[in-house]
Amino acid sequence: DFGTELYVKRRLGTTYGPFQRAFGVSVTDRGSLWIGIGQMYEIPLDERGFLRLHAMPGLYAPGDGADLGGPIEFRSGIEVGYTLESGARLSLSFDHRSNADIYRSNPGLETFQFRVSIPTK
């Protein structure tokens, strides 16, 4: 089943070694809501290219969307992108949400995204 999702992720100022703290919230065209906080790890590929990994536990409300088994859902993913001269970033991302079998049902959900990141500073 395909749908549309608006996902906003913000890096927070806190770091733990190479890991950056991040906060995310998403809403779908079917009223599903996910909100989480976790870690990101970014690997430079060259002067402008990057690879980013993230893992974020969070809370999920299905609305009229997919039943993922329960309210606690973990979101993890990989992103590859390019930084423009302006500082804005364009990237492709894949992530997976599941409850890691903490509930009886664990169908999971995959998301493919085209992202535009705009610096706020």
# chains A, B, ... in the order shown; residues from 1 in each chain; ligands from 1
>>> select_by_dssp(residues="range 52-88 of chain A", states="strand (DSSP E)", output="PyMOL selection string")
chain A and resi 52-61+72-83
>>> residues_around(residues="Tyr41 in chain A", least_positions_apart="3", cutoff="6 Å", atoms="only C-alpha atoms", output="PyMOL selection string")
chain A and resi 19+52-53
>>> residues_around(residues="Pro57 in chain A", least_positions_apart="3", cutoff="10 Å", atoms="only C-alpha atoms", output="PyMOL selection string")
chain A and resi 23-24+34-39+60+72-76+97-99
>>> closest_residue(among="A:Gly81, A:Gly87, A:Pro62, A:Gly13", to="Leu109 in chain A", atoms="only C-alpha atoms")
A:Pro62
>>> closest_residue(among="A:Ile43, A:Ala22, A:Met56, A:Val116", to="Leu6 in chain A", atoms="only C-alpha atoms")
A:Val116
>>> closest_residue(among="A:Ile78, A:Thr15, A:Leu90, A:Gly3", to="Pro119 in chain A", atoms="only C-alpha atoms")
A:Leu90
>>> closest_residue(among="A:Lys9, A:Ser117, A:Ala66, A:His54", to="Leu33 in chain A", atoms="only C-alpha atoms")
A:Ala66
>>> residues_around(residues="Leu45 in chain A", least_positions_apart="6", cutoff="12 Å", atoms="only C-alpha atoms", output="PyMOL selection string")
chain A and resi 51-52+79-83
>>> atom_distance(atom1="CA of Leu12 in chain A", atom2="CA of Gly31 in chain A")
26.2 Å
>>> residues_around(residues="Asp95 in chain A", least_positions_apart="5", cutoff="6 Å", atoms="only C-alpha atoms", output="PDB file with all heavy atoms, in the first residue's frame")
ATOM      1  N   SER A  76      14.497   3.275  11.856  1.00  0.00           N
ATOM      2  CA  SER A  76      15.921   3.276  11.528  1.00  0.00           C
ATOM      3  C   SER A  76      16.068   3.378  10.020  1.00  0.00           C
ATOM      4  O   SER A  76      15.197   2.914   9.280  1.00  0.00           O
ATOM      5  CB  SER A  76      16.603   2.023  12.051  1.00  0.00           C
ATOM      6  OG  SER A  76      16.002   0.871  11.513  1.00  0.00           O
ATOM      7  N   GLY A  77      17.159   3.996   9.570  1.00  0.00           N
ATOM      8  CA  GLY A  77      17.287   4.161   8.140  1.00  0.00           C
ATOM      9  C   GLY A  77      18.662   4.610   7.684  1.00  0.00           C
ATOM     10  O   GLY A  77      19.577   4.823   8.476  1.00  0.00           O
ATOM     11  N   GLU A 110       7.966   0.247   5.557  1.00  0.00           N
ATOM     12  CA  GLU A 110       9.128   0.811   4.872  1.00  0.00           C
ATOM     13  C   GLU A 110       8.738   2.130   4.214  1.00  0.00           C
ATOM     14  O   GLU A 110       7.644   2.257   3.671  1.00  0.00           O
ATOM     15  CB  GLU A 110       9.656  -0.140   3.793  1.00  0.00           C
ATOM     16  CG  GLU A 110      10.505  -1.261   4.326  1.00  0.00           C
ATOM     17  CD  GLU A 110       9.716  -2.311   5.101  1.00  0.00           C
ATOM     18  OE1 GLU A 110       8.593  -2.632   4.671  1.00  0.00           O
ATOM     19  OE2 GLU A 110      10.203  -2.777   6.127  1.00  0.00           O
ATOM     20  N   THR A 111       9.663   3.084   4.233  1.00  0.00           N
ATOM     21  CA  THR A 111       9.438   4.391   3.638  1.00  0.00           C
ATOM     22  C   THR A 111      10.623   4.755   2.743  1.00  0.00           C
ATOM     23  O   THR A 111      11.771   4.675   3.171  1.00  0.00           O
ATOM     24  CB  THR A 111       9.300   5.471   4.742  1.00  0.00           C
ATOM     25  OG1 THR A 111       8.326   5.070   5.686  1.00  0.00           O
ATOM     26  CG2 THR A 111       8.899   6.804   4.144  1.00  0.00           C
TER      27      THR A 111
END
>>> residues_around(residues="Thr120 in chain A", least_positions_apart="4", cutoff="12 Å", atoms="only C-alpha atoms", output="list in words")
Arg10, Arg11, Ser86, Gly87 and Ala88 of chain A
>>> atom_distance(atom1="CA of Ser105 in chain A", atom2="CA of Val25 in chain A")
23.1 Å
>>> closest_residue(among="A:Lys121, A:Leu59, A:Asp1, A:Gly49", to="Leu92 in chain A", atoms="only C-alpha atoms")
A:Gly49
>>> decode(residues="range 22-118 of chain A", atoms="C-alpha atoms", output="PDB file, in the first residue's frame")
ATOM      1  CA  ALA A  22      17.846  14.149  16.561  1.00  0.00           C
ATOM      2  CA  PHE A  23      14.100  14.645  16.917  1.00  0.00           C
ATOM      3  CA  GLY A  24      11.551  13.651  14.281  1.00  0.00           C
ATOM      4  CA  VAL A  25       7.821  13.868  13.650  1.00  0.00           C
ATOM      5  CA  SER A  26       5.806  12.586  10.705  1.00  0.00           C
ATOM      6  CA  VAL A  27       2.183  12.579   9.598  1.00  0.00           C
ATOM      7  CA  THR A  28       0.664  10.688   6.674  1.00  0.00           C
ATOM      8  CA  ASP A  29      -2.211  11.334   4.304  1.00  0.00           C
ATOM      9  CA  ARG A  30      -4.170   8.714   6.321  1.00  0.00           C
ATOM     10  CA  GLY A  31      -3.689  10.473   9.646  1.00  0.00           C
ATOM     11  CA  SER A  32      -0.887   8.273  11.021  1.00  0.00           C
ATOM     12  CA  LEU A  33       1.443  10.103  13.390  1.00  0.00           C
ATOM     13  CA  TRP A  34       4.959   9.146  14.537  1.00  0.00           C
ATOM     14  CA  ILE A  35       7.160  11.144  16.905  1.00  0.00           C
ATOM     15  CA  GLY A  36      10.600  10.090  18.136  1.00  0.00           C
ATOM     16  CA  ILE A  37      14.030  11.029  19.388  1.00  0.00           C
ATOM     17  CA  GLY A  38      17.306   9.233  18.778  1.00  0.00           C
ATOM     18  CA  GLN A  39      20.719   9.336  17.141  1.00  0.00           C
ATOM     19  CA  MET A  40      22.181  10.092  13.709  1.00  0.00           C
ATOM     20  CA  TYR A  41      25.639   9.262  12.396  1.00  0.00           C
ATOM     21  CA  GLU A  42      26.956  11.026   9.301  1.00  0.00           C
ATOM     22  CA  ILE A  43      29.820   9.859   7.082  1.00  0.00           C
ATOM     23  CA  PRO A  44      31.276  12.312   4.526  1.00  0.00           C
ATOM     24  CA  LEU A  45      31.648  10.685   1.090  1.00  0.00           C
ATOM     25  CA  ASP A  46      33.546  13.564  -0.511  1.00  0.00           C
ATOM     26  CA  GLU A  47      33.524  17.369  -0.277  1.00  0.00           C
ATOM     27  CA  ARG A  48      29.711  17.553  -0.664  1.00  0.00           C
ATOM     28  CA  GLY A  49      28.366  13.999  -0.567  1.00  0.00           C
ATOM     29  CA  PHE A  50      27.278  12.275   2.628  1.00  0.00           C
ATOM     30  CA  LEU A  51      25.849   9.068   4.007  1.00  0.00           C
ATOM     31  CA  ARG A  52      23.694   9.270   7.121  1.00  0.00           C
ATOM     32  CA  LEU A  53      22.391   6.512   9.400  1.00  0.00           C
ATOM     33  CA  HIS A  54      19.713   7.029  12.030  1.00  0.00           C
ATOM     34  CA  ALA A  55      17.940   5.095  14.795  1.00  0.00           C
ATOM     35  CA  MET A  56      15.036   6.648  16.664  1.00  0.00           C
ATOM     36  CA  PRO A  57      12.576   5.039  19.085  1.00  0.00           C
ATOM     37  CA  GLY A  58       9.221   6.748  19.144  1.00  0.00           C
ATOM     38  CA  LEU A  59       5.466   6.700  19.572  1.00  0.00           C
ATOM     39  CA  TYR A  60       3.049   5.847  16.759  1.00  0.00           C
ATOM     40  CA  ALA A  61      -0.685   6.481  16.338  1.00  0.00           C
ATOM     41  CA  PRO A  62      -2.110   4.717  13.252  1.00  0.00           C
ATOM     42  CA  GLY A  63      -5.081   6.981  12.475  1.00  0.00           C
ATOM     43  CA  ASP A  64      -6.577   5.354   9.344  1.00  0.00           C
ATOM     44  CA  GLY A  65      -3.128   4.053   8.317  1.00  0.00           C
ATOM     45  CA  ALA A  66      -1.172   0.867   8.956  1.00  0.00           C
ATOM     46  CA  ASP A  67      -1.601  -1.003  12.219  1.00  0.00           C
ATOM     47  CA  LEU A  68       2.002  -1.624  13.298  1.00  0.00           C
ATOM     48  CA  GLY A  69       1.106  -3.667  16.373  1.00  0.00           C
ATOM     49  CA  GLY A  70       1.388  -1.060  19.136  1.00  0.00           C
ATOM     50  CA  PRO A  71       2.326   2.505  20.037  1.00  0.00           C
ATOM     51  CA  ILE A  72       6.097   1.998  20.542  1.00  0.00           C
ATOM     52  CA  GLU A  73       7.808   1.868  17.137  1.00  0.00           C
ATOM     53  CA  PHE A  74      11.497   2.096  16.232  1.00  0.00           C
ATOM     54  CA  ARG A  75      12.527   3.977  13.082  1.00  0.00           C
ATOM     55  CA  SER A  76      15.921   3.276  11.528  1.00  0.00           C
ATOM     56  CA  GLY A  77      17.287   4.161   8.140  1.00  0.00           C
ATOM     57  CA  ILE A  78      19.970   5.165   5.691  1.00  0.00           C
ATOM     58  CA  GLU A  79      20.241   8.327   3.591  1.00  0.00           C
ATOM     59  CA  VAL A  80      22.628   9.363   0.814  1.00  0.00           C
ATOM     60  CA  GLY A  81      22.807  12.957  -0.319  1.00  0.00           C
ATOM     61  CA  TYR A  82      24.545  16.008  -1.673  1.00  0.00           C
ATOM     62  CA  THR A  83      25.080  19.448  -0.106  1.00  0.00           C
ATOM     63  CA  LEU A  84      24.504  22.458  -2.376  1.00  0.00           C
ATOM     64  CA  GLU A  85      26.629  25.647  -2.185  1.00  0.00           C
ATOM     65  CA  SER A  86      23.805  27.349  -0.274  1.00  0.00           C
ATOM     66  CA  GLY A  87      24.027  24.688   2.458  1.00  0.00           C
ATOM     67  CA  ALA A  88      20.714  23.094   1.465  1.00  0.00           C
ATOM     68  CA  ARG A  89      20.850  19.314   1.022  1.00  0.00           C
ATOM     69  CA  LEU A  90      19.160  16.946  -1.409  1.00  0.00           C
ATOM     70  CA  SER A  91      19.024  13.262  -0.527  1.00  0.00           C
ATOM     71  CA  LEU A  92      17.358   9.893  -1.014  1.00  0.00           C
ATOM     72  CA  SER A  93      16.439   7.926   2.061  1.00  0.00           C
ATOM     73  CA  PHE A  94      15.063   4.536   3.056  1.00  0.00           C
ATOM     74  CA  ASP A  95      13.809   3.715   6.534  1.00  0.00           C
ATOM     75  CA  HIS A  96      12.019   0.957   8.379  1.00  0.00           C
ATOM     76  CA  ARG A  97       9.615   1.149  11.302  1.00  0.00           C
ATOM     77  CA  SER A  98       8.779  -1.785  13.527  1.00  0.00           C
ATOM     78  CA  ASN A  99       8.153  -2.625  17.161  1.00  0.00           C
ATOM     79  CA  ALA A 100      11.060  -5.134  17.382  1.00  0.00           C
ATOM     80  CA  ASP A 101       8.590  -7.898  18.366  1.00  0.00           C
ATOM     81  CA  ILE A 102       7.600  -6.272  21.665  1.00  0.00           C
ATOM     82  CA  TYR A 103       3.963  -6.800  20.596  1.00  0.00           C
ATOM     83  CA  ARG A 104       2.262  -9.915  19.243  1.00  0.00           C
ATOM     84  CA  SER A 105       1.956  -8.349  15.750  1.00  0.00           C
ATOM     85  CA  ASN A 106       4.984  -6.736  14.053  1.00  0.00           C
ATOM     86  CA  PRO A 107       4.221  -6.084  10.359  1.00  0.00           C
ATOM     87  CA  GLY A 108       6.722  -3.229   9.904  1.00  0.00           C
ATOM     88  CA  LEU A 109       6.588  -0.326   7.470  1.00  0.00           C
ATOM     89  CA  GLU A 110       9.128   0.811   4.872  1.00  0.00           C
ATOM     90  CA  THR A 111       9.438   4.391   3.638  1.00  0.00           C
ATOM     91  CA  PHE A 112      11.321   5.706   0.593  1.00  0.00           C
ATOM     92  CA  GLN A 113      11.867   9.465   0.631  1.00  0.00           C
ATOM     93  CA  PHE A 114      13.256  12.327  -1.396  1.00  0.00           C
ATOM     94  CA  ARG A 115      14.411  14.914   1.115  1.00  0.00           C
ATOM     95  CA  VAL A 116      15.158  18.597   0.921  1.00  0.00           C
ATOM     96  CA  SER A 117      16.978  19.920   3.989  1.00  0.00           C
ATOM     97  CA  ILE A 118      17.220  23.655   4.524  1.00  0.00           C
TER      98      ILE A 118
END
